[in-house]
file model_3.cif (mmCIF, C-alpha atoms and all ligand atoms)
data_upload
loop_
_atom_site.label_atom_id
_atom_site.label_comp_id
_atom_site.auth_asym_id
_atom_site.auth_seq_id
_atom_site.Cartn_x
_atom_site.Cartn_y
_atom_site.Cartn_z
CA MET A 1 106.26 95.22 129.85
CA LYS A 2 108.09 98.55 129.90
CA THR A 3 110.16 99.22 132.99
CA GLU A 4 109.32 102.50 134.65
CA VAL A 5 112.02 105.06 135.41
CA GLY A 6 113.59 104.39 138.81
CA GLN A 7 112.15 100.89 138.99
CA LYS A 8 114.53 97.96 139.37
CA LYS A 9 114.15 95.10 136.88
CA GLY A 10 111.64 92.58 138.15
CA GLN A 11 110.34 94.93 140.84
CA ARG A 12 106.61 95.53 140.77
CA THR A 13 105.03 98.96 140.45
CA ASP A 14 102.32 99.95 142.96
CA LEU A 15 99.70 99.31 140.33
CA GLU A 16 101.00 95.84 139.53
CA ALA A 17 101.25 94.90 143.20
CA GLU A 18 97.74 96.18 143.89
CA TYR A 19 96.37 94.41 140.85
CA ALA A 20 97.91 91.12 141.96
CA ALA A 21 96.64 91.56 145.53
CA ALA A 22 93.11 92.50 144.47
CA LEU A 23 92.84 89.70 141.91
CA ARG A 24 94.08 87.18 144.47
CA GLU A 25 91.55 88.47 147.01
CA TYR A 26 88.68 88.34 144.55
CA ALA A 27 89.55 84.90 143.21
CA THR A 28 89.76 83.51 146.72
CA GLY A 29 86.35 84.68 147.79
CA GLY A 30 86.37 88.51 147.80
CA GLY A 31 83.00 89.92 146.90
CA GLU A 32 81.53 92.86 144.99
CA ALA A 33 83.66 95.43 146.83
CA VAL A 34 86.83 93.87 145.39
CA LEU A 35 85.27 93.96 141.92
CA GLY A 36 84.81 97.72 142.43
CA ARG A 37 88.56 97.93 143.04
CA ALA A 38 89.14 96.22 139.67
CA TYR A 39 87.29 99.08 137.98
CA GLU A 40 89.33 101.68 139.88
CA LEU A 41 92.54 99.86 138.96
CA GLY A 42 91.50 100.03 135.29
CA ARG A 43 90.99 103.79 135.59
CA ARG A 44 94.38 104.14 137.24
CA ALA A 45 96.03 102.07 134.52
CA ILE A 46 94.63 104.50 131.92
CA ALA A 47 95.84 107.49 133.95
CA GLU A 48 99.29 105.87 134.17
CA ARG A 49 99.21 105.35 130.39
CA LYS A 50 99.34 101.56 130.58
CA SER A 51 98.38 100.04 127.27
CA LEU A 52 95.75 97.32 127.05
CA LEU A 53 98.49 94.87 126.08
CA GLU A 54 100.43 95.72 129.25
CA LEU A 55 97.30 95.11 131.27
CA VAL A 56 96.72 91.75 129.57
CA SER A 57 100.30 90.78 130.32
CA LEU A 58 99.95 91.83 133.97
CA HIS A 59 96.75 89.82 134.26
CA HIS A 60 98.37 86.81 132.66
CA LYS A 61 101.38 87.00 134.97
CA THR A 62 99.20 87.32 138.07
CA LEU A 63 96.95 84.47 137.03
CA LYS A 64 99.98 82.24 136.45
CA GLU A 65 101.23 83.01 139.96
CA LEU A 66 97.79 82.29 141.36
CA PHE A 67 97.82 78.84 139.80
CA GLN A 68 101.42 78.16 140.81
CA ASN A 69 100.99 79.11 144.49
CA SER A 70 97.44 77.95 144.73
CA VAL A 71 96.79 78.16 148.45
CA ASP A 72 93.10 78.07 147.72
CA ARG A 73 91.26 74.81 147.47
CA ARG A 74 88.73 76.02 144.96
CA SER A 75 88.62 74.42 141.55
CA PRO A 76 90.77 75.79 138.72
CA GLY A 77 87.47 76.48 136.89
CA HIS A 78 86.43 78.80 139.69
CA LEU A 79 89.78 80.64 139.58
CA VAL A 80 89.53 81.14 135.82
CA GLN A 81 85.93 82.38 136.01
CA ALA A 82 86.67 84.78 138.88
CA SER A 83 89.78 86.14 137.18
CA CYS A 84 87.79 86.61 133.97
CA ASP A 85 85.15 88.66 135.79
CA PHE A 86 87.85 90.68 137.51
CA PHE A 87 89.67 91.36 134.24
CA SER A 88 86.44 92.37 132.43
CA GLU A 89 85.69 94.87 135.17
CA CYS A 90 89.24 96.22 135.00
CA VAL A 91 89.16 96.79 131.22
CA SER A 92 85.71 98.36 131.18
CA PRO A 93 87.20 101.89 131.64
CA TYR A 94 89.23 101.20 128.48
CA GLU A 95 86.05 100.41 126.62
CA MET A 96 84.43 103.60 127.88
CA ALA A 97 87.49 105.59 126.80
CA GLN A 98 87.29 103.95 123.37
CA ARG A 99 83.62 104.92 123.07
CA GLY A 100 84.46 108.47 124.13
CA PHE A 101 87.14 108.55 121.46
CA GLN A 102 84.70 107.36 118.81
CA ASP A 103 82.21 110.07 119.85
CA ALA A 104 84.96 112.68 119.67
CA VAL A 105 85.96 111.50 116.18
CA LYS A 106 82.31 111.69 115.10
CA ALA A 107 82.01 115.23 116.46
CA LEU A 108 85.24 116.18 114.72
CA ARG A 109 83.97 114.81 111.43
CA GLN A 110 80.76 116.83 111.77
CA LEU A 111 82.77 119.92 112.66
CA ASN A 112 84.92 119.49 109.56
CA GLU A 113 81.83 119.10 107.41
CA THR A 114 80.38 122.33 108.83
CA LEU A 115 83.72 124.03 108.29
CA GLU A 116 83.80 122.79 104.71
CA GLU A 117 80.29 124.20 104.09
CA GLU A 118 81.45 127.54 105.48
CA ILE A 119 84.55 127.51 103.25
CA LYS A 120 82.31 126.77 100.26
CA ARG A 121 80.08 129.70 101.19
CA ILE A 122 83.09 132.05 101.50
CA ALA A 123 84.58 130.79 98.23
CA TYR A 124 81.31 131.40 96.38
CA SER A 125 80.85 134.83 97.86
CA VAL A 126 84.42 135.85 97.00
CA HIS A 127 83.81 134.57 93.49
CA ASP A 128 80.29 135.89 92.91
CA GLU A 129 79.88 138.95 95.12
CA ALA A 130 83.39 140.35 94.86
CA GLY A 131 83.28 139.48 91.14
CA GLN A 132 80.03 141.45 90.69
CA LEU A 133 81.44 144.43 92.56
CA LEU A 134 84.50 144.45 90.35
CA VAL A 135 82.31 144.41 87.25
CA ALA A 136 80.53 147.47 88.67
CA VAL A 137 83.89 149.19 89.25
CA HIS A 138 84.91 148.41 85.65
CA LEU A 139 81.70 150.02 84.38
CA ALA A 140 82.10 153.08 86.60
CA LEU A 141 85.67 153.45 85.42
CA ALA A 142 84.62 153.19 81.77
CA ASN A 143 82.03 155.95 82.33
CA LEU A 144 84.60 158.10 84.08
CA GLY A 145 87.03 157.48 81.21
CA GLN A 146 84.52 158.92 78.72
CA GLU A 147 84.34 162.16 80.67
CA LEU A 148 88.08 162.57 81.09
CA PRO A 149 90.38 164.26 78.55
CA GLN A 150 92.45 162.11 76.21
CA GLY A 151 95.63 162.64 78.25
CA LYS A 152 94.13 160.85 81.28
CA GLN A 153 93.06 157.77 79.34
CA SER A 154 96.33 155.96 79.93
CA GLN A 155 95.83 156.26 83.71
CA ILE A 156 92.36 154.78 83.37
CA ALA A 157 93.80 151.93 81.33
CA GLU A 158 96.42 151.35 84.03
CA ILE A 159 93.75 151.14 86.76
CA GLU A 160 91.73 148.78 84.59
CA GLY A 161 94.78 146.58 84.16
CA LEU A 162 95.28 146.44 87.93
CA LEU A 163 91.59 145.67 88.45
CA THR A 164 91.82 142.79 85.98
CA GLU A 165 94.78 141.44 87.96
CA VAL A 166 92.77 141.68 91.22
CA GLU A 167 89.92 139.88 89.50
CA LYS A 168 92.22 137.10 88.29
CA HIS A 169 93.71 136.60 91.75
CA LEU A 170 90.32 136.58 93.45
CA ARG A 171 89.05 134.01 91.00
CA ARG A 172 92.10 131.84 91.53
CA TYR A 173 91.87 132.11 95.35
CA SER A 174 88.16 131.33 95.38
CA HIS A 175 88.76 128.27 93.20
CA GLU A 176 91.63 127.05 95.37
CA LEU A 177 89.61 127.64 98.52
CA ARG A 178 87.04 125.13 97.34
CA PRO A 179 87.98 123.78 93.93
CA THR A 180 85.04 122.41 91.98
CA ILE A 181 87.62 120.02 90.51
CA LEU A 182 87.72 118.37 93.95
CA ASP A 183 84.08 117.34 93.65
CA ASP A 184 84.19 116.67 89.93
CA LEU A 185 87.51 114.91 89.41
CA GLY A 186 88.92 114.13 92.87
CA TRP A 187 91.71 115.12 95.21
CA ILE A 188 94.69 114.39 92.93
CA PRO A 189 93.55 116.69 90.08
CA ALA A 190 92.56 119.28 92.74
CA ILE A 191 96.07 119.12 94.21
CA ARG A 192 97.59 119.53 90.75
CA PHE A 193 95.43 122.63 90.25
CA LEU A 194 96.46 123.99 93.67
CA ALA A 195 100.14 123.21 93.06
CA GLU A 196 100.05 125.08 89.76
CA GLY A 197 98.80 128.24 91.51
CA VAL A 198 101.21 127.95 94.45
CA SER A 199 104.12 127.32 92.06
CA LYS A 200 103.36 130.45 90.07
CA ARG A 201 102.90 132.67 93.11
CA SER A 202 105.91 131.51 95.10
CA ASN A 203 108.44 130.20 92.65
CA LEU A 204 108.32 126.75 94.21
CA GLN A 205 108.88 123.66 92.08
CA ILE A 206 106.18 121.15 92.93
CA HIS A 207 106.50 117.59 91.67
CA ILE A 208 103.50 115.29 91.92
CA GLU A 209 103.60 111.55 91.50
CA ALA A 210 100.29 109.84 92.18
CA LYS A 211 100.07 106.11 91.68
CA ILE A 212 96.41 105.96 92.55
CA SER A 213 93.28 105.63 90.50
CA GLY A 214 89.62 105.71 91.44
CA ARG A 215 87.71 107.96 93.78
CA LEU A 216 87.45 108.09 97.57
CA PRO A 217 84.49 109.23 99.67
CA SER A 218 84.20 113.02 99.45
CA THR A 219 84.97 113.67 103.17
CA ILE A 220 88.24 111.77 102.72
CA GLU A 221 89.19 113.53 99.50
CA THR A 222 88.43 116.90 101.10
CA ALA A 223 90.51 116.07 104.19
CA LEU A 224 93.48 114.96 102.05
CA TYR A 225 93.21 118.10 99.93
CA ARG A 226 93.18 120.31 103.05
CA VAL A 227 96.19 118.54 104.54
CA VAL A 228 98.24 118.94 101.34
CA GLN A 229 97.08 122.56 101.09
CA GLU A 230 98.37 123.30 104.61
CA ALA A 231 101.62 121.43 103.93
CA LEU A 232 102.22 123.56 100.82
CA THR A 233 101.38 126.74 102.73
CA ASN A 234 103.91 125.77 105.42
CA ALA A 235 106.54 124.93 102.82
CA VAL A 236 106.13 128.41 101.33
CA LYS A 237 105.71 130.28 104.61
CA HIS A 238 108.34 128.63 106.83
CA ALA A 239 110.60 126.28 104.92
CA LYS A 240 112.08 128.61 102.31
CA ALA A 241 112.04 125.50 100.14
CA LYS A 242 112.97 125.39 96.48
CA SER A 243 111.11 122.16 95.72
CA VAL A 244 108.30 120.05 97.09
CA TRP A 245 107.60 116.44 96.15
CA ILE A 246 104.09 115.07 96.64
CA ARG A 247 103.70 111.31 96.25
CA ALA A 248 100.65 109.14 96.78
CA TRP A 249 100.40 105.39 96.52
CA ILE A 250 98.52 102.39 97.86
CA LYS A 251 100.22 99.47 99.53
CA ASP A 252 98.55 96.61 101.39
CA GLN A 253 95.18 98.41 101.44
CA VAL A 254 96.78 101.48 102.99
CA LEU A 255 96.86 104.81 101.23
CA HIS A 256 100.16 106.61 101.73
CA CYS A 257 100.88 110.21 100.90
CA SER A 258 104.20 111.93 101.40
CA ILE A 259 104.79 115.68 101.12
CA ARG A 260 108.49 116.47 101.28
CA ASP A 261 110.29 119.80 101.00
CA ASP A 262 113.97 120.67 100.75
CA GLY A 263 113.68 123.63 103.13
CA THR A 264 115.10 124.65 106.49
CA GLY A 265 113.39 121.94 108.55
CA PHE A 266 112.25 122.44 112.15
CA ASP A 267 112.15 120.69 115.50
CA ALA A 268 108.86 118.87 114.91
CA GLN A 269 108.74 117.27 118.36
CA ALA A 270 109.32 120.54 120.19
CA VAL A 271 106.78 122.40 118.04
CA GLN A 272 104.12 119.74 118.56
CA ALA A 273 104.71 119.52 122.30
CA GLY A 274 105.08 123.28 122.75
CA THR A 275 102.52 124.90 125.00
CA GLY A 276 103.02 128.47 123.85
CA ARG A 277 102.48 127.62 120.19
CA LYS A 278 100.22 129.80 118.14
CA GLY A 279 99.96 127.98 114.83
CA LEU A 280 97.01 125.73 114.12
CA GLY A 281 98.04 124.14 110.85
CA LEU A 282 99.74 120.99 112.13
CA ILE A 283 97.07 120.42 114.79
CA ALA A 284 94.31 120.81 112.20
CA MET A 285 96.11 118.37 109.86
CA ARG A 286 96.28 115.74 112.58
CA GLU A 287 92.66 116.26 113.57
CA ARG A 288 91.40 116.10 110.02
CA LEU A 289 93.28 112.84 109.47
CA SER A 290 92.21 111.37 112.78
CA ALA A 291 88.57 112.12 111.89
CA ILE A 292 88.90 109.90 108.80
CA GLY A 293 90.94 107.19 110.55
CA GLY A 294 94.35 108.32 109.30
CA THR A 295 97.63 109.25 110.94
CA LEU A 296 100.35 111.80 110.34
CA TRP A 297 104.07 111.31 110.89
CA ILE A 298 106.46 114.25 110.63
CA GLU A 299 110.17 113.92 109.95
CA SER A 300 112.21 117.08 109.82
CA SER A 301 115.84 118.04 110.02
CA GLN A 302 117.93 121.02 109.05
CA LYS A 303 119.84 119.06 106.44
CA ARG A 304 117.00 117.18 104.82
CA GLY A 305 114.02 119.50 105.10
CA THR A 306 110.60 118.26 106.14
CA GLU A 307 108.55 115.23 105.18
CA LEU A 308 104.94 114.67 106.17
CA LEU A 309 103.77 111.09 105.91
CA ILE A 310 100.11 110.26 105.85
CA ARG A 311 98.79 106.73 106.33
CA LEU A 312 95.16 105.93 105.75
CA PRO A 313 93.91 102.33 105.90
CA ARG A 314 91.39 101.83 103.07
CA GLU A 315 89.40 98.68 103.14
CA GLY A 316 86.47 98.38 100.81
CA ASP A 317 87.16 101.62 98.92
CA ASN A 318 87.02 101.74 95.17
CA VAL A 319 90.56 102.99 95.02
CA ASN A 320 93.48 101.23 93.37
CA SER A 321 97.15 101.42 92.96
CA SER A 322 98.02 102.35 89.41
CA SER A 323 100.76 104.01 87.51
CA ALA A 324 98.46 106.90 86.55
CA ARG A 325 100.34 110.17 86.86
N1 LIG A 401 107.59 122.60 106.18
C1 LIG A 401 108.06 123.30 107.23
N2 LIG A 401 109.35 123.77 107.26
C2 LIG A 401 109.84 124.46 108.30
N3 LIG A 401 109.12 124.73 109.41
C3 LIG A 401 107.85 124.31 109.47
C4 LIG A 401 107.23 123.57 108.39
N4 LIG A 401 105.98 123.25 108.75
C5 LIG A 401 105.80 123.77 109.96
N5 LIG A 401 106.90 124.41 110.41
C6 LIG A 401 107.11 125.04 111.75
O1 LIG A 401 106.10 124.55 112.60
C7 LIG A 401 105.34 125.62 113.13
C8 LIG A 401 103.89 125.19 113.28
O2 LIG A 401 103.27 125.04 112.01
P1 LIG A 401 101.70 125.24 111.91
O3 LIG A 401 101.30 124.99 110.49
O4 LIG A 401 101.06 124.43 112.97
O5 LIG A 401 101.47 126.75 112.31
P2 LIG A 401 101.76 128.09 111.48
O6 LIG A 401 102.01 127.75 110.04
O7 LIG A 401 102.83 128.85 112.20
O8 LIG A 401 100.38 128.87 111.62
P3 LIG A 401 98.97 128.53 110.88
O9 LIG A 401 99.14 127.21 110.16
O10 LIG A 401 97.97 128.44 111.98
O11 LIG A 401 98.75 129.66 109.93
C9 LIG A 401 105.57 126.77 112.18
O12 LIG A 401 105.41 128.02 112.83
C10 LIG A 401 106.99 126.54 111.72
O13 LIG A 401 107.90 127.05 112.66
MG MG A 402 100.75 126.49 108.96
#

call {"tool": "encode", "arguments": {"input": "model_3.cif", "output": "structure tokens", "more": "lines below"}}
Ligand SMILES: Nc1ncnc2c1ncn2[C@@H]1O[C@H](COP(=O)(O)OP(=O)(O)OP(=O)(O)O)[C@@H](O)[C@H]1O
Ligand SMILES: [Mg+2]
result
Amino acid sequence: MKTEVGQKKGQRTDLEAEYAAALREYATGGGEAVLGRAYELGRRAIAERKSLLELVSLHHKTLKELFQNSVDRRSPGHLVQASCDFFSECVSPYEMAQRGFQDAVKALRQLNETLEEEIKRIAYSVHDEAGQLLVAVHLALANLGQELPQGKQSQIAEIEGLLTEVEKHLRRYSHELRPTILDDLGWIPAIRFLAEGVSKRSNLQIHIEAKISGRLPSTIETALYRVVQEALTNAVKHAKAKSVWIRAWIKDQVLHCSIRDDGTGFDAQAVQAGTGRKGLGLIAMRERLSAIGGTLWIESSQKRGTELLIRLPREGDNVNSSSAR
């Protein structure tokens, strides 16, 4: 068990001492009221960030002492049963916290699905509505061109050229916002499509190595796409990176994805703990991954740039490790 700051080795914390006292009291005849204390001790253990394993070890230690100094004449069977009841009561707040966590993850997943629907709607309206408006502007411009003298035609052509550029960019953005490739071919081809656009716009070399074949459930593919999208945005916006390497592979039923840049790096711990932070990207990445059962690890230093490591346990998915590139 971890030793708390300021606590001498072998010395018991308040919680440990109270746990031992309450368990002893209950096992030697204490009634319902003592069982209520077990529940409160469980709540306190959570508040003091004691892990379940630490609690098990504390229980085990106390039970051993109870047997060793057995001042009570009750049978060992009684001691075991009473300590079992006491322990169950003590861990029940952990179970409630676990259920609360599962509910929160479910809510998060629903929120992401709603968000995804909204992104789809925006992507389609940028594509269709803005596209239609631009067609109308093209027509109006062509009409205007007919009425203008020959000398002004080159200006009209210039505006048309700019409009075509705007159109191209809008199309590209709307496709990246919600690539149909993501639904049709999966997250790896969608990331390749995204990387191509980002590369062109920002002069960033993006290398992709994906040793994965098969498809994942669409919520998972969408979450992975969004996480890589934010990582690339950060690499362009903050890192001043020249290159980014995206790798994905499966090992021991766990999907791994690493996004590494050779940029300036940052103090990841300070940024993530910071209270005055304004950015949402890293928080959103973590939440998206947590909603699908994944985790995110960030390693960053001034010399080596930044690496984001995603781990996602995948049991029962139709996804395989392969050398497909
Ligand atoms: N790849 C990176 N290289 C260097 N710094 C980074 C990188 N990724 C994140 N950061 C730093 O971490 C901070 C937080 O990133 P985060 O994505 O959460 O927010 P943001 O990009 O500032 O804003 P938002 O994502 O909401 O538009 C950034 O402001 C930046 O200082
Ligand atoms: Mg960001």

call {"tool": "closest_atom_pairs", "arguments": {"input": "model_3.cif", "of": "chain A", "to": "ligand MG 402 (chain A)", "cutoff": "12 Å", "atoms": "all atoms listed in the file", "output": "Markdown table"}}
result
| residue | atom | partner | partner_atom | distance |
| --- | --- | --- | --- | --- |
| A:Arg226 | CA | A:MG402 | MG | 11.4 |
| A:Val227 | CA | A:MG402 | MG | 10.2 |
| A:Val228 | CA | A:MG402 | MG | 11.0 |
| A:Gln229 | CA | A:MG402 | MG | 9.5 |
| A:Glu230 | CA | A:MG402 | MG | 5.9 |
| A:Ala231 | CA | A:MG402 | MG | 7.2 |
| A:Leu232 | CA | A:MG402 | MG | 8.8 |
| A:Thr233 | CA | A:MG402 | MG | 6.3 |
| A:Asn234 | CA | A:MG402 | MG | 4.8 |
| A:Ala235 | CA | A:MG402 | MG | 8.6 |
| A:Val236 | CA | A:MG402 | MG | 9.5 |
| A:Lys237 | CA | A:MG402 | MG | 7.6 |
| A:His238 | CA | A:MG402 | MG | 8.2 |
| A:Ala239 | CA | A:MG402 | MG | 10.6 |
| A:Val271 | CA | A:MG402 | MG | 11.6 |
| A:Arg277 | CA | A:MG402 | MG | 11.4 |
| A:Lys278 | CA | A:MG402 | MG | 9.8 |
| A:Gly279 | CA | A:MG402 | MG | 6.1 |
| A:Leu280 | CA | A:MG402 | MG | 6.4 |
| A:Gly281 | CA | A:MG402 | MG | 4.1 |
| A:Leu282 | CA | A:MG402 | MG | 6.4 |
| A:Ile283 | CA | A:MG402 | MG | 9.2 |
| A:Ala284 | CA | A:MG402 | MG | 9.2 |
| A:Met285 | CA | A:MG402 | MG | 9.4 |

call {"tool": "residues_around", "arguments": {"input": "model_3.cif", "residues": "stretch 109-122 of chain A", "least_positions_apart": "2", "cutoff": "8 Å", "atoms": "only C-alpha atoms", "output": "PyMOL selection string"}}
result
chain A and resi 105-107+124-126+174+177-178+219+288+291-292

call {"tool": "closest_residue", "arguments": {"input": "model_3.cif", "among": "A:Glu287, A:Glu25, A:Glu65, A:Glu315", "to": "A:Leu224", "atoms": "all atoms listed in the file"}}
result
A:Glu287

call {"tool": "atom_distance", "arguments": {"input": "model_3.cif", "atom1": "atom CA of A:Lys200", "atom2": "atom CA of A:Thr164"}}
result
17.4 Å

call {"tool": "residues_near_point", "arguments": {"input": "model_3.cif", "point": "(85.7, 98.9, 131.2)", "cutoff": "12 Å", "atoms": "only C-alpha atoms", "output": "ChimeraX atom specification"}}
result
/A:35-36,38-46,52,85-100

call {"tool": "atom_distance", "arguments": {"input": "model_3.cif", "atom1": "atom CA of A:Phe266", "atom2": "atom C2 of ligand LIG 401 (chain A)"}}
result
5.0 Å

call {"tool": "closest_residue", "arguments": {"input": "model_3.cif", "among": "A:Ile310, A:Val198, A:Leu289, A:Leu148", "to": "A:Ile250", "atoms": "all atoms listed in the file"}}
result
A:Ile310

call {"tool": "axis_aligned_box", "arguments": {"input": "model_3.cif", "around": "ligand LIG 401 (chain A)", "padding_each_side": "8 Å", "output": "lines of an AutoDock Vina configuration file"}}
result
center_x = 103.9
center_y = 126.1
center_z = 109.7
size_x = 27.9
size_y = 23.1
size_z = 23.1

call {"tool": "closest_residue", "arguments": {"input": "model_3.cif", "among": "A:Leu23, A:Leu55, A:Ala273, A:Ala268", "to": "ligand LIG 401 (chain A)", "atoms": "all atoms listed in the file"}}
result
A:Ala268

call {"tool": "atom_distance", "arguments": {"input": "model_3.cif", "atom1": "atom CA of A:Ala20", "atom2": "atom CA of A:Ala47"}}
result
18.3 Å

call {"tool": "closest_residue", "arguments": {"input": "model_3.cif", "among": "A:Ala157, A:Thr264, A:His256, A:Lys240", "to": "A:Trp297", "atoms": "all atoms listed in the file"}}
result
A:His256

call {"tool": "closest_residue", "arguments": {"input": "model_3.cif", "among": "A:Thr295, A:Leu255, A:Arg171, A:Val244", "to": "ligand LIG 401 (chain A)", "atoms": "all atoms listed in the file"}}
result
A:Val244

call {"tool": "closest_residue", "arguments": {"input": "model_3.cif", "among": "A:Gly214, A:Gly263, A:Gly29, A:Pro76", "to": "ligand LIG 401 (chain A)", "atoms": "all atoms listed in the file"}}
result
A:Gly263
